[in-house]
>>> print(open('model-v2.cif').read())   # mmCIF, C-alpha atoms
data_run
loop_
_atom_site.label_atom_id
_atom_site.label_comp_id
_atom_site.auth_asym_id
_atom_site.auth_seq_id
_atom_site.Cartn_x
_atom_site.Cartn_y
_atom_site.Cartn_z
CA MET R 1124 5.69 99.41 187.41
CA SER R 1125 8.31 97.43 185.57
CA GLU R 1126 7.03 94.49 183.60
CA PHE R 1127 9.08 91.74 182.06
CA GLN R 1128 9.17 88.01 181.75
CA VAL R 1129 11.79 85.82 183.40
CA LEU R 1130 12.89 82.80 181.37
CA GLU R 1131 14.86 79.88 182.82
CA ILE R 1132 17.22 78.93 179.99
CA LYS R 1133 17.66 75.23 179.28
CA LYS R 1134 21.03 73.70 178.52
CA SER R 1135 21.56 73.18 174.80
CA VAL R 1136 21.20 69.74 173.31
CA PHE R 1137 23.12 70.61 170.14
CA GLU R 1138 26.75 69.64 169.89
CA ASP R 1139 27.62 71.76 166.89
CA ASN R 1140 27.14 75.29 168.17
CA ASP R 1141 28.77 76.91 165.14
CA ARG R 1142 26.19 75.38 162.82
CA GLN R 1143 23.35 76.45 165.11
CA ALA R 1144 24.81 79.96 165.25
CA ASP R 1145 25.06 80.25 161.47
CA ALA R 1146 21.49 79.02 161.07
CA LEU R 1147 20.21 81.55 163.61
CA ARG R 1148 22.17 84.36 161.93
CA ASP R 1149 20.67 83.47 158.52
CA GLU R 1150 17.18 83.43 159.99
CA LEU R 1151 17.66 86.80 161.70
CA LYS R 1152 19.04 88.24 158.47
CA GLU R 1153 15.94 87.12 156.62
CA LYS R 1154 13.67 88.64 159.26
CA GLY R 1155 15.65 91.89 159.30
CA ILE R 1156 16.61 91.53 162.97
CA PHE R 1157 20.09 92.77 163.89
CA LEU R 1158 21.40 90.93 166.95
CA LEU R 1159 24.16 92.50 169.05
CA ASN R 1160 25.99 90.31 171.57
CA LEU R 1161 27.25 92.60 174.34
CA MET R 1162 29.95 91.21 176.63
CA SER R 1163 32.20 92.42 179.46
CA SER R 1164 33.58 91.70 182.93
CA PRO R 1165 31.20 92.03 185.84
CA GLY R 1166 30.63 95.70 186.60
CA ALA R 1167 32.14 97.17 183.43
CA GLY R 1168 28.93 99.06 182.74
CA LYS R 1169 26.92 96.93 180.29
CA THR R 1170 23.51 97.85 181.70
CA THR R 1171 24.22 101.59 182.00
CA THR R 1172 25.62 101.68 178.45
CA LEU R 1173 22.60 99.73 177.25
CA GLY R 1174 20.20 102.17 178.94
CA GLN R 1175 21.86 105.13 177.20
CA THR R 1176 21.94 103.30 173.88
CA ILE R 1177 18.22 102.58 174.08
CA LYS R 1178 17.43 106.22 174.90
CA ALA R 1179 19.40 107.37 171.84
CA LEU R 1180 17.87 104.91 169.37
CA LYS R 1181 14.41 103.90 170.53
CA ASP R 1182 12.57 106.56 168.54
CA GLU R 1183 14.21 105.40 165.30
CA MET R 1184 13.86 101.64 165.57
CA THR R 1185 12.14 98.87 167.52
CA ILE R 1186 14.48 97.50 170.19
CA GLY R 1187 14.29 94.28 172.19
CA ILE R 1188 16.63 93.42 175.06
CA MET R 1189 17.68 90.07 176.53
CA GLU R 1190 19.32 90.34 179.93
CA ALA R 1191 21.27 87.19 180.77
CA ASP R 1192 22.18 86.64 184.37
CA ILE R 1193 22.96 83.72 186.61
CA ASP R 1194 20.15 84.49 188.96
CA SER R 1195 18.93 88.04 189.61
CA ASP R 1196 16.48 90.14 187.58
CA MET R 1197 17.94 93.54 188.48
CA ASP R 1198 19.10 94.37 184.96
CA ALA R 1199 15.77 93.58 183.31
CA ARG R 1200 14.08 95.72 185.95
CA THR R 1201 16.41 98.64 185.13
CA ILE R 1202 16.02 98.27 181.37
CA SER R 1203 12.24 97.86 181.52
CA GLU R 1204 12.06 101.45 182.73
CA THR R 1205 13.23 102.63 179.30
CA GLY R 1206 9.96 101.32 177.88
CA VAL R 1207 11.45 98.82 175.40
CA LYS R 1208 10.65 95.12 175.25
CA VAL R 1209 12.88 93.21 177.66
CA ILE R 1210 13.26 89.66 178.93
CA GLN R 1211 15.41 88.34 181.77
CA LEU R 1212 17.22 85.12 180.92
CA HIS R 1213 18.37 83.01 183.85
CA THR R 1214 21.27 80.78 182.93
CA GLY R 1215 21.05 78.80 186.17
CA GLY R 1216 24.76 78.96 186.90
CA MET R 1217 25.88 78.68 183.28
CA CYS R 1218 28.68 81.09 182.47
CA HIS R 1219 27.79 81.95 178.88
CA LEU R 1220 25.07 81.75 176.25
CA ASP R 1221 25.36 79.74 173.06
CA ALA R 1222 23.26 79.99 169.89
CA GLU R 1223 20.49 77.67 171.04
CA MET R 1224 20.17 79.46 174.36
CA THR R 1225 20.04 82.77 172.49
CA ARG R 1226 17.29 81.36 170.28
CA GLN R 1227 15.30 80.46 173.42
CA GLY R 1228 15.74 84.07 174.53
CA LEU R 1229 14.60 85.50 171.17
CA ASP R 1230 11.53 83.24 171.21
CA GLY R 1231 10.74 84.29 174.77
CA LEU R 1232 11.17 87.95 173.86
CA ASP R 1233 9.01 87.51 170.75
CA ALA R 1234 11.52 89.32 168.57
CA SER R 1235 9.33 89.54 165.45
CA GLY R 1236 9.17 93.15 164.35
CA VAL R 1237 12.29 94.03 166.33
CA ASP R 1238 14.99 95.88 164.35
CA LEU R 1239 17.70 95.75 166.99
CA ALA R 1240 17.91 92.91 169.51
CA ILE R 1241 20.63 93.14 172.12
CA LEU R 1242 21.82 90.25 174.25
CA GLU R 1243 23.53 91.37 177.45
CA ASN R 1244 25.66 88.29 178.01
CA VAL R 1245 26.82 86.98 181.43
CA GLY R 1246 29.59 89.17 182.95
CA ASN R 1247 32.65 87.13 182.07
CA LEU R 1248 35.66 87.71 179.77
CA VAL R 1249 36.42 84.04 179.25
CA CYS R 1250 33.55 81.68 178.41
CA PRO R 1251 31.20 83.91 176.37
CA ALA R 1252 34.06 84.44 173.89
CA GLU R 1253 34.07 80.74 173.08
CA PHE R 1254 30.44 80.47 171.99
CA ASP R 1255 29.04 82.08 168.85
CA THR R 1256 25.54 83.24 169.81
CA GLY R 1257 24.43 83.76 166.21
CA SER R 1258 24.82 87.51 166.64
CA SER R 1259 25.23 89.90 163.72
CA LYS R 1260 28.04 91.67 165.58
CA ASN R 1261 29.93 91.21 168.85
CA ALA R 1262 30.59 94.15 171.15
CA MET R 1263 32.49 94.29 174.40
CA ILE R 1264 33.03 96.85 177.11
CA LEU R 1265 36.37 97.23 178.86
CA SER R 1266 36.21 99.69 181.75
CA VAL R 1267 39.12 101.90 182.75
CA PRO R 1268 39.42 100.53 186.34
CA GLU R 1269 40.09 97.02 184.93
CA GLY R 1270 43.40 98.18 183.43
CA HIS R 1271 44.79 98.57 179.92
CA ASP R 1272 46.49 95.16 179.97
CA LYS R 1273 43.30 93.11 179.63
CA PRO R 1274 43.67 92.42 175.86
CA LEU R 1275 46.91 90.63 176.75
CA LYS R 1276 45.23 88.48 179.38
CA TYR R 1277 41.91 87.66 177.71
CA PRO R 1278 43.01 87.39 174.08
CA LEU R 1279 40.06 85.47 172.62
CA MET R 1280 37.44 87.95 173.83
CA PHE R 1281 39.20 90.86 172.18
CA SER R 1282 39.84 88.94 168.97
CA ILE R 1283 36.18 88.07 168.36
CA CYS R 1284 34.73 91.53 169.02
CA ASP R 1285 33.85 93.90 166.17
CA VAL R 1286 33.76 96.86 168.51
CA VAL R 1287 35.38 97.56 171.89
CA LEU R 1288 33.91 100.32 174.05
CA ILE R 1289 36.38 101.67 176.61
CA ASN R 1290 34.00 102.80 179.36
CA LYS R 1291 34.34 104.96 182.49
CA ILE R 1292 36.84 107.32 180.86
CA ASP R 1293 35.68 109.98 183.35
CA VAL R 1294 37.72 108.27 186.10
CA MET R 1295 40.88 107.96 183.98
CA PRO R 1296 42.77 110.48 186.19
CA TYR R 1297 42.41 108.17 189.20
CA PHE R 1298 43.75 105.01 187.57
CA ASP R 1299 47.01 104.00 185.92
CA PHE R 1300 45.29 103.48 182.59
CA ASP R 1301 47.19 104.11 179.36
CA LEU R 1302 44.59 104.62 176.60
CA GLU R 1303 47.11 104.49 173.76
CA LYS R 1304 48.66 101.26 175.06
CA CYS R 1305 45.19 99.79 175.48
CA LYS R 1306 44.31 100.59 171.86
CA GLU R 1307 47.61 99.11 170.72
CA TYR R 1308 46.96 95.86 172.66
CA ILE R 1309 43.39 95.60 171.30
CA LEU R 1310 44.57 96.08 167.71
CA MET R 1311 47.31 93.50 168.30
CA ARG R 1312 44.54 90.98 169.04
CA ASN R 1313 42.20 92.25 166.37
CA PRO R 1314 43.45 94.74 163.76
CA LYS R 1315 39.89 95.35 162.50
CA ALA R 1316 38.39 96.22 165.88
CA LYS R 1317 36.56 99.53 166.12
CA ILE R 1318 37.55 101.19 169.40
CA ILE R 1319 35.35 103.87 171.01
CA PRO R 1320 36.20 105.46 174.37
CA ILE R 1321 32.95 106.32 176.19
CA CYS R 1322 31.48 107.31 179.50
CA ALA R 1323 27.98 105.89 179.75
CA LYS R 1324 27.38 107.95 182.88
CA THR R 1325 28.20 111.37 181.38
CA GLY R 1326 27.34 110.53 177.77
CA GLU R 1327 30.84 111.19 176.42
CA GLY R 1328 31.53 109.22 173.24
CA MET R 1329 28.02 107.80 173.16
CA LYS R 1330 27.17 109.54 169.88
CA GLU R 1331 30.05 107.84 168.06
CA TRP R 1332 28.89 104.50 169.47
CA THR R 1333 25.20 104.89 168.61
CA ASP R 1334 26.11 106.22 165.14
CA TRP R 1335 28.20 103.09 164.56
CA LEU R 1336 25.39 100.86 165.82
CA ARG R 1337 22.73 102.62 163.72
CA ASP R 1338 24.89 102.13 160.60
CA GLN R 1339 25.32 98.45 161.38
CA VAL R 1340 21.58 97.92 161.77
CA LYS R 1341 20.88 99.74 158.49
CA GLU R 1342 23.53 97.77 156.62
CA TRP R 1343 22.21 94.48 157.99
CA LYS R 1344 18.67 95.26 156.85
CA GLN R 1345 19.75 96.40 153.39
CA LYS R 1346 21.89 93.56 152.17
CA MET G 1176 65.91 89.49 185.96
CA SER G 1177 62.67 87.78 186.75
CA GLU G 1178 62.78 84.01 186.78
CA PHE G 1179 59.85 81.67 186.83
CA GLN G 1180 58.56 78.57 185.17
CA VAL G 1181 55.56 78.46 182.87
CA LEU G 1182 53.42 75.35 183.13
CA GLU G 1183 50.76 74.38 180.56
CA ILE G 1184 48.01 72.89 182.68
CA LYS G 1185 46.37 69.70 181.40
CA LYS G 1186 42.64 69.13 181.56
CA SER G 1187 41.66 66.94 184.51
CA VAL G 1188 40.79 63.32 183.94
CA PHE G 1189 38.95 62.98 187.26
CA GLU G 1190 35.19 63.19 187.29
CA ASP G 1191 34.74 63.60 191.01
CA ASN G 1192 36.41 66.93 191.71
CA ASP G 1193 35.08 67.17 195.28
CA ARG G 1194 36.86 63.94 196.24
CA GLN G 1195 40.09 65.10 194.60
CA ALA G 1196 39.81 68.42 196.42
CA ASP G 1197 39.30 66.77 199.83
CA ALA G 1198 42.28 64.48 199.21
CA LEU G 1199 44.50 67.41 198.24
CA ARG G 1200 43.37 69.40 201.30
CA ASP G 1201 44.20 66.46 203.59
CA GLU G 1202 47.63 66.11 202.02
CA LEU G 1203 48.37 69.83 202.36
CA LYS G 1204 47.21 69.73 205.98
CA GLU G 1205 49.63 66.92 206.70
CA LYS G 1206 52.47 68.80 205.05
CA GLY G 1207 51.62 72.03 206.87
CA ILE G 1208 50.94 73.94 203.64
CA PHE G 1209 48.12 76.48 203.81
CA LEU G 1210 46.57 77.00 200.38
CA LEU G 1211 44.64 80.19 199.65
CA ASN G 1212 42.47 80.32 196.52
CA LEU G 1213 42.23 83.97 195.46
CA MET G 1214 39.45 84.88 193.03
CA SER G 1215 37.94 88.00 191.44
CA SER G 1216 36.71 89.64 188.24
CA PRO G 1217 39.34 90.68 185.70
CA GLY G 1218 41.08 93.82 186.90
CA ALA G 1219 39.81 93.84 190.50
CA GLY G 1220 43.38 93.99 191.79
CA LYS G 1221 44.40 90.39 192.59
CA THR G 1222 48.04 90.80 191.57
CA THR G 1223 48.55 94.15 193.31
CA THR G 1224 46.94 92.83 196.51
CA LEU G 1225 49.09 89.73 196.25
CA GLY G 1226 52.27 91.79 195.87
CA GLN G 1227 51.46 93.79 199.02
CA THR G 1228 50.51 90.63 200.92
CA ILE G 1229 53.82 89.01 200.04
CA LYS G 1230 55.77 92.09 201.17
CA ALA G 1231 53.99 92.03 204.54
CA LEU G 1232 54.44 88.32 205.24
CA LYS G 1233 57.53 87.04 203.43
CA ASP G 1234 59.91 87.56 206.33
CA GLU G 1235 57.69 85.47 208.63
CA MET G 1236 56.90 82.50 206.43
CA THR G 1237 57.83 80.77 203.18
CA ILE G 1238 55.46 81.80 200.42
CA GLY G 1239 54.82 80.18 197.03
CA ILE G 1240 52.59 81.71 194.35
CA MET G 1241 50.71 80.11 191.45
CA GLU G 1242 49.54 82.59 188.83
CA ALA G 1243 46.80 81.12 186.66
CA ASP G 1244 46.06 82.83 183.38
CA ILE G 1245 44.61 81.90 180.03
CA ASP G 1246 47.73 82.84 178.19
CA SER G 1247 50.06 85.64 179.36
CA ASP G 1248 52.83 85.53 181.96
CA MET G 1249 52.57 89.16 183.08
CA ASP G 1250 51.44 88.35 186.60
CA ALA G 1251 54.20 85.84 187.31
CA ARG G 1252 56.70 88.40 186.03
CA THR G 1253 55.31 91.02 188.44
CA ILE G 1254 55.23 88.67 191.40
CA SER G 1255 58.70 87.24 190.73
CA GLU G 1256 60.08 90.68 191.55
CA THR G 1257 59.03 90.21 195.19
CA GLY G 1258 61.60 87.40 195.44
CA VAL G 1259 59.21 84.59 196.38
CA LYS G 1260 58.79 81.32 194.53
CA VAL G 1261 56.31 81.72 191.68
CA ILE G 1262 54.98 79.68 188.80
CA GLN G 1263 52.79 80.75 185.89
CA LEU G 1264 49.99 78.29 185.09
CA HIS G 1265 48.52 78.49 181.60
CA THR G 1266 45.00 77.14 181.51
CA GLY G 1267 44.89 77.16 177.69
CA GLY G 1268 41.48 78.81 177.48
CA MET G 1269 40.01 77.04 180.51
CA CYS G 1270 38.03 79.43 182.69
CA HIS G 1271 38.83 77.99 186.12
CA LEU G 1272 41.11 75.61 188.03
CA ASP G 1273 39.91 72.46 189.72
CA ALA G 1274 41.71 70.36 192.35
CA GLU G 1275 43.71 68.25 189.93
CA MET G 1276 44.86 71.31 188.01
CA THR G 1277 45.85 72.93 191.30
CA ARG G 1278 47.82 69.80 192.19
CA GLN G 1279 49.71 70.10 188.90
CA GLY G 1280 50.51 73.68 189.87
CA LEU G 1281 51.72 72.75 193.36
CA ASP G 1282 53.93 70.01 191.90
CA GLY G 1283 55.32 72.45 189.33
CA LEU G 1284 55.96 75.03 192.05
CA ASP G 1285 57.58 72.41 194.26
CA ALA G 1286 55.59 73.50 197.28
CA SER G 1287 57.43 71.38 199.86
CA GLY G 1288 58.61 73.65 202.65
CA VAL G 1289 56.11 76.33 201.70
CA ASP G 1290 53.94 77.62 204.58
CA LEU G 1291 51.58 79.72 202.50
CA ALA G 1292 50.73 78.82 198.91
CA ILE G 1293 48.45 81.21 197.04
CA LEU G 1294 46.63 80.37 193.83
CA GLU G 1295 45.65 83.44 191.84
CA ASN G 1296 42.73 81.93 189.96
CA VAL G 1297 41.53 83.01 186.48
CA GLY G 1298 39.73 86.39 186.56
CA ASN G 1299 36.11 85.27 186.52
CA LEU G 1300 33.25 85.48 189.04
CA VAL G 1301 31.34 82.50 187.65
CA CYS G 1302 33.25 79.31 186.89
CA PRO G 1303 35.99 79.30 189.57
CA ALA G 1304 33.22 79.33 192.22
CA GLU G 1305 31.99 75.97 190.99
CA PHE G 1306 35.23 74.06 191.46
CA ASP G 1307 36.79 73.27 194.83
CA THR G 1308 40.55 73.61 194.31
CA GLY G 1309 41.44 71.83 197.55
CA SER G 1310 42.26 75.16 199.16
CA SER G 1311 42.35 75.70 202.91
CA LYS G 1312 40.38 78.93 202.50
CA ASN G 1313 38.77 80.85 199.65
CA ALA G 1314 39.26 84.59 199.27
CA MET G 1315 37.79 86.97 196.75
CA ILE G 1316 38.31 90.58 195.81
CA LEU G 1317 35.43 92.81 194.80
CA SER G 1318 36.58 96.21 193.62
CA VAL G 1319 34.60 99.41 194.14
CA PRO G 1320 34.21 100.26 190.41
CA GLU G 1321 32.38 96.94 189.86
CA GLY G 1322 29.47 98.10 192.03
CA HIS G 1323 27.95 97.03 195.33
CA ASP G 1324 25.30 94.87 193.67
CA LYS G 1325 27.65 92.07 192.62
CA PRO G 1326 26.76 89.69 195.51
CA LEU G 1327 23.21 89.72 194.12
CA LYS G 1328 24.38 88.85 190.61
CA TYR G 1329 27.12 86.30 191.31
CA PRO G 1330 25.67 84.55 194.36
CA LEU G 1331 27.74 81.35 194.35
CA MET G 1332 31.10 83.14 194.37
CA PHE G 1333 30.19 85.16 197.45
CA SER G 1334 28.68 82.19 199.24
CA ILE G 1335 31.84 80.03 198.98
CA CYS G 1336 34.35 82.68 200.08
CA ASP G 1337 35.64 82.83 203.66
CA VAL G 1338 36.86 86.37 203.20
CA VAL G 1339 35.85 89.17 200.82
CA LEU G 1340 38.27 92.04 200.27
CA ILE G 1341 36.58 95.20 199.01
CA ASN G 1342 39.42 96.79 197.05
CA LYS G 1343 40.06 100.24 195.53
CA ILE G 1344 38.27 102.05 198.36
CA ASP G 1345 40.41 105.09 197.51
CA VAL G 1346 38.20 105.78 194.48
CA MET G 1347 34.93 105.42 196.39
CA PRO G 1348 34.11 109.16 195.99
CA TYR G 1349 34.02 108.76 192.20
CA PHE G 1350 31.62 105.82 192.07
CA ASP G 1351 28.05 105.16 193.23
CA PHE G 1352 29.23 102.50 195.65
CA ASP G 1353 27.33 101.92 198.90
CA LEU G 1354 29.69 100.10 201.27
CA GLU G 1355 27.01 99.29 203.86
CA LYS G 1356 24.68 97.86 201.21
CA CYS G 1357 27.55 95.86 199.79
CA LYS G 1358 28.32 94.35 203.21
CA GLU G 1359 24.62 93.58 203.69
CA TYR G 1360 24.42 91.79 200.31
CA ILE G 1361 27.59 89.79 201.01
CA LEU G 1362 26.30 88.66 204.42
CA MET G 1363 22.98 87.76 202.82
CA ARG G 1364 24.88 85.28 200.63
CA ASN G 1365 27.25 84.20 203.36
CA PRO G 1366 26.59 85.22 206.98
CA LYS G 1367 30.03 83.95 208.07
CA ALA G 1368 32.04 85.92 205.50
CA LYS G 1369 34.81 88.11 206.85
CA ILE G 1370 34.67 91.46 205.00
CA ILE G 1371 37.72 93.74 204.82
CA PRO G 1372 37.72 97.01 202.87
CA ILE G 1373 41.22 97.64 201.48
CA CYS G 1374 43.21 99.68 199.04
CA ALA G 1375 46.11 97.59 197.78
CA LYS G 1376 47.61 100.66 196.13
CA THR G 1377 47.75 102.88 199.24
CA GLY G 1378 47.98 100.08 201.83
CA GLU G 1379 44.74 100.99 203.62
CA GLY G 1380 43.19 97.98 205.37
CA MET G 1381 46.08 95.71 204.39
CA LYS G 1382 47.12 95.13 208.01
CA GLU G 1383 43.71 93.73 208.94
CA TRP G 1384 43.89 91.44 205.90
CA THR G 1385 47.43 90.17 206.50
CA ASP G 1386 46.67 89.73 210.23
CA TRP G 1387 43.69 87.57 209.28
CA LEU G 1388 45.76 85.56 206.80
CA ARG G 1389 48.63 85.07 209.29
CA ASP G 1390 46.15 83.74 211.88
CA GLN G 1391 44.68 81.32 209.33
CA VAL G 1392 48.10 79.95 208.40
CA LYS G 1393 49.04 79.49 212.09
CA GLU G 1394 45.76 77.76 212.89
CA TRP G 1395 46.12 75.44 209.88
CA LYS G 1396 49.58 74.40 210.95
CA GLN G 1397 48.58 73.82 214.59
CA LYS G 1398 45.56 71.59 214.34
#
>>> encode(input="model-v2.cif", output="structure tokens")
Amino acid sequence: MSEFQVLEIKKSVFEDNDRQADALRDELKEKGIFLLNLMSSPGAGKTTTLGQTIKALKDEMTIGIMEADIDSDMDARTISETGVKVIQLHTGGMCHLDAEMTRQGLDGLDASGVDLAILENVGNLVCPAEFDTGSSKNAMILSVPEGHDKPLKYPLMFSICDVVLINKIDVMPYFDFDLEKCKEYILMRNPKAKIIPICAKTGEGMKEWTDWLRDQVKEWKQK
Amino acid sequence: MSEFQVLEIKKSVFEDNDRQADALRDELKEKGIFLLNLMSSPGAGKTTTLGQTIKALKDEMTIGIMEADIDSDMDARTISETGVKVIQLHTGGMCHLDAEMTRQGLDGLDASGVDLAILENVGNLVCPAEFDTGSSKNAMILSVPEGHDKPLKYPLMFSICDVVLINKIDVMPYFDFDLEKCKEYILMRNPKAKIIPICAKTGEGMKEWTDWLRDQVKEWKQK
């Protein structure tokens, strides 16, 4: 049976989110917890990618997952089957998480001893980009069916992400998706972005992604 | 050459959006302008569906389109090729449109004489659901690659829409998408919702959709 807690997130009282985010990041650094903020549109494949990522890394490090959702607890249910620590965060209609809300999630999860904490943010390409969660790194998933023009239309999201996973590459033949143009548009927004085409369903590209993530966690714990 | 105006939308000064929305709806009713608010996730196919809808109806009625986007003007460029009146609304980072912002758009478009005005809202399943734009009817597009579970995860959006178009049904064989379950979940959120499976690319289902829309416009103008 799946077991996880559901936490109703409270609206933040802090006005200066950037300061809260920096403070949380410093604290996590000290405790050796790497926090990944994972964002995407609804249905781009965050939970499936997360499930595969956990399978690949859970024997090497302690992982804790925060599933943010407006209302349901489907994602926490799915993730709990992987055997890692997971908490469902209900945002109660709120379209994003900020640093203080993320802190509530980490407290609820009891992240002490966790090496890699992942926040699956609310499915939304607009609002989550505007709020620093205090994460060590930001990742986003763009799925092939959404189209290669999305970096042009949601510029902020692409500019704040350290890594962009292009998911569902198995269905590329059925969509007018130009991978090279997509990469060009992403780099236009963010020349330092790491871009990894993947298919979470078939496993394609997942090694490059989990290798990158493993390196980031190691680096974070060393410095 | 494509020709359209770009309007930088100002943040609303009104606190009571519901009152503004009702006032706008009354005004549009009096002028015989039917306003459709079209919403979806990024990349669900709003612009393609819109292009096909315009082609089907433009000889029967005067159509005006408002393309809302954070930043780009790609959609207005695409739509302007259909020959109908179009305006690009830049929300400047804002994740939704409210009634006052919609009014700015209608003024910019110069909607007098228009029978059917369509607002293509910002690609987002969360925030646009919370703000009544003053529209006559709300429509949303859910695309097959997003998954049939979305009504469970974004409940408000599905509950406020009069019609849900399930788009990209041509790729159904390549995704784990259960159409019957999807319909069941939508009706759970909104028992009155009209559900129409379509493929904007191939034209499948588009007649049922444009027939529905034509009837709505006629009814709006009669009463």
>>> residues_around(input="model-v2.cif", residues="region 1196-1201 of chain G", least_positions_apart="2", cutoff="7 Å", atoms="all atoms listed in the file", output="ChimeraX atom specification")
/G:1192-1194,1203-1205,1274,1307-1311
>>> residues_around(input="model-v2.cif", residues="region 1336-1346 of chain R", least_positions_apart="3", cutoff="10 Å", atoms="all atoms listed in the file", output="PyMOL selection string")
chain R and resi 1151-1159+1176+1179-1180+1183-1184+1238-1240+1259-1260+1286+1330-1333
>>> closest_residue(input="model-v2.cif", among="R:Thr1325, R:Asn1313, R:Thr1172, R:Thr1214", to="Asp1293 (chain R)", atoms="only C-alpha atoms")
R:Thr1325
>>> axis_aligned_box(input="model-v2.cif", around="region 1320-1331 of chain R", padding_each_side="3 Å", output="AutoDock Vina command-line options")
--center_x 31.7 --center_y 108.4 --center_z 175.5 --size_x 15.0 --size_y 11.9 --size_z 20.8
>>> interface_residues(input="model-v2.cif", of="chain G", to="chain R", cutoff="9 Å", atoms="only C-alpha atoms", output="ChimeraX atom specification")
/G:1216-1220,1244-1249,1268-1270,1297-1302,1305,1318,1320-1322,1324-1325,1327-1331,1346,1349-1350
>>> closest_residue(input="model-v2.cif", among="R:Asn1290, R:Thr1201, R:Gln1227, R:Asn1244", to="Met1162 (chain R)", atoms="all atoms listed in the file")
R:Asn1244
>>> closest_residue(input="model-v2.cif", among="G:Leu1284, G:Ala1368, G:Ala1243, G:Ile1293", to="Ile1335 (chain G)", atoms="only C-alpha atoms")
G:Ala1368
>>> resolve_selection(input="model-v2.cif", expression="the PyMOL selection byres ((chain R and resi 1319) around 7)", output="PyMOL selection string")
chain R and resi 1287-1289+1317-1318+1320-1321+1328+1332
>>> atom_distance(input="model-v2.cif", atom1="CA of Gly1215 (chain R)", atom2="CA of Ser1135 (chain R)")
12.7 Å
>>> atom_distance(input="model-v2.cif", atom1="CA of Met1332 (chain G)", atom2="CA of Gln1211 (chain R)")
20.8 Å
>>> closest_residue(input="model-v2.cif", among="R:Glu1126, R:Asp1182, R:Arg1226, R:Gln1143", to="Ser1203 (chain R)", atoms="only C-alpha atoms")
R:Glu1126
>>> atom_distance(input="model-v2.cif", atom1="CA of Met1189 (chain R)", atom2="CA of Cys1336 (chain G)")
29.8 Å
>>> closest_residue(input="model-v2.cif", among="R:Ile1202, R:Leu1130, R:Ile1210, R:Cys1305", to="Gly1174 (chain R)", atoms="only C-alpha atoms")
R:Ile1202
>>> decode(input="model-v2.cif", residues="region 1129-1165 of chain R", atoms="C-alpha atoms", output="CSV table (one decimal), in the first residue's frame")
chain,number,residue,atom,x,y,z
R,1129,VAL,CA,-0.6,15.2,2.4
R,1130,LEU,CA,0.3,18.8,3.4
R,1131,GLU,CA,-1.9,21.8,2.8
R,1132,ILE,CA,0.5,24.6,2.0
R,1133,LYS,CA,-0.1,28.0,3.6
R,1134,LYS,CA,0.3,31.2,1.7
R,1135,SER,CA,3.7,32.9,2.4
R,1136,VAL,CA,3.8,35.8,4.7
R,1137,PHE,CA,7.2,37.0,3.5
R,1138,GLU,CA,7.4,39.8,1.0
R,1139,ASP,CA,11.0,39.3,0.0
R,1140,ASN,CA,11.0,35.9,-1.7
R,1141,ASP,CA,14.5,36.3,-3.0
R,1142,ARG,CA,16.0,36.7,0.4
R,1143,GLN,CA,14.0,33.7,1.7
R,1144,ALA,CA,15.2,31.7,-1.2
R,1145,ASP,CA,18.9,32.5,-0.6
R,1146,ALA,CA,18.5,31.7,3.1
R,1147,LEU,CA,17.0,28.3,2.3
R,1148,ARG,CA,19.7,27.6,-0.3
R,1149,ASP,CA,22.4,28.4,2.3
R,1150,GLU,CA,20.8,26.2,4.9
R,1151,LEU,CA,20.4,23.3,2.4
R,1152,LYS,CA,24.0,23.7,1.4
R,1153,GLU,CA,25.1,23.4,5.0
R,1154,LYS,CA,23.0,20.3,5.5
R,1155,GLY,CA,24.3,18.7,2.3
R,1156,ILE,CA,20.8,18.6,0.7
R,1157,PHE,CA,20.7,19.2,-3.0
R,1158,LEU,CA,17.3,20.6,-4.0
R,1159,LEU,CA,16.1,20.2,-7.6
R,1160,ASN,CA,13.1,22.3,-8.7
R,1161,LEU,CA,11.4,20.4,-11.6
R,1162,MET,CA,9.0,22.4,-13.8
R,1163,SER,CA,6.9,21.9,-17.0
R,1164,SER,CA,3.5,22.3,-18.6
R,1165,PRO,CA,0.8,20.0,-17.5
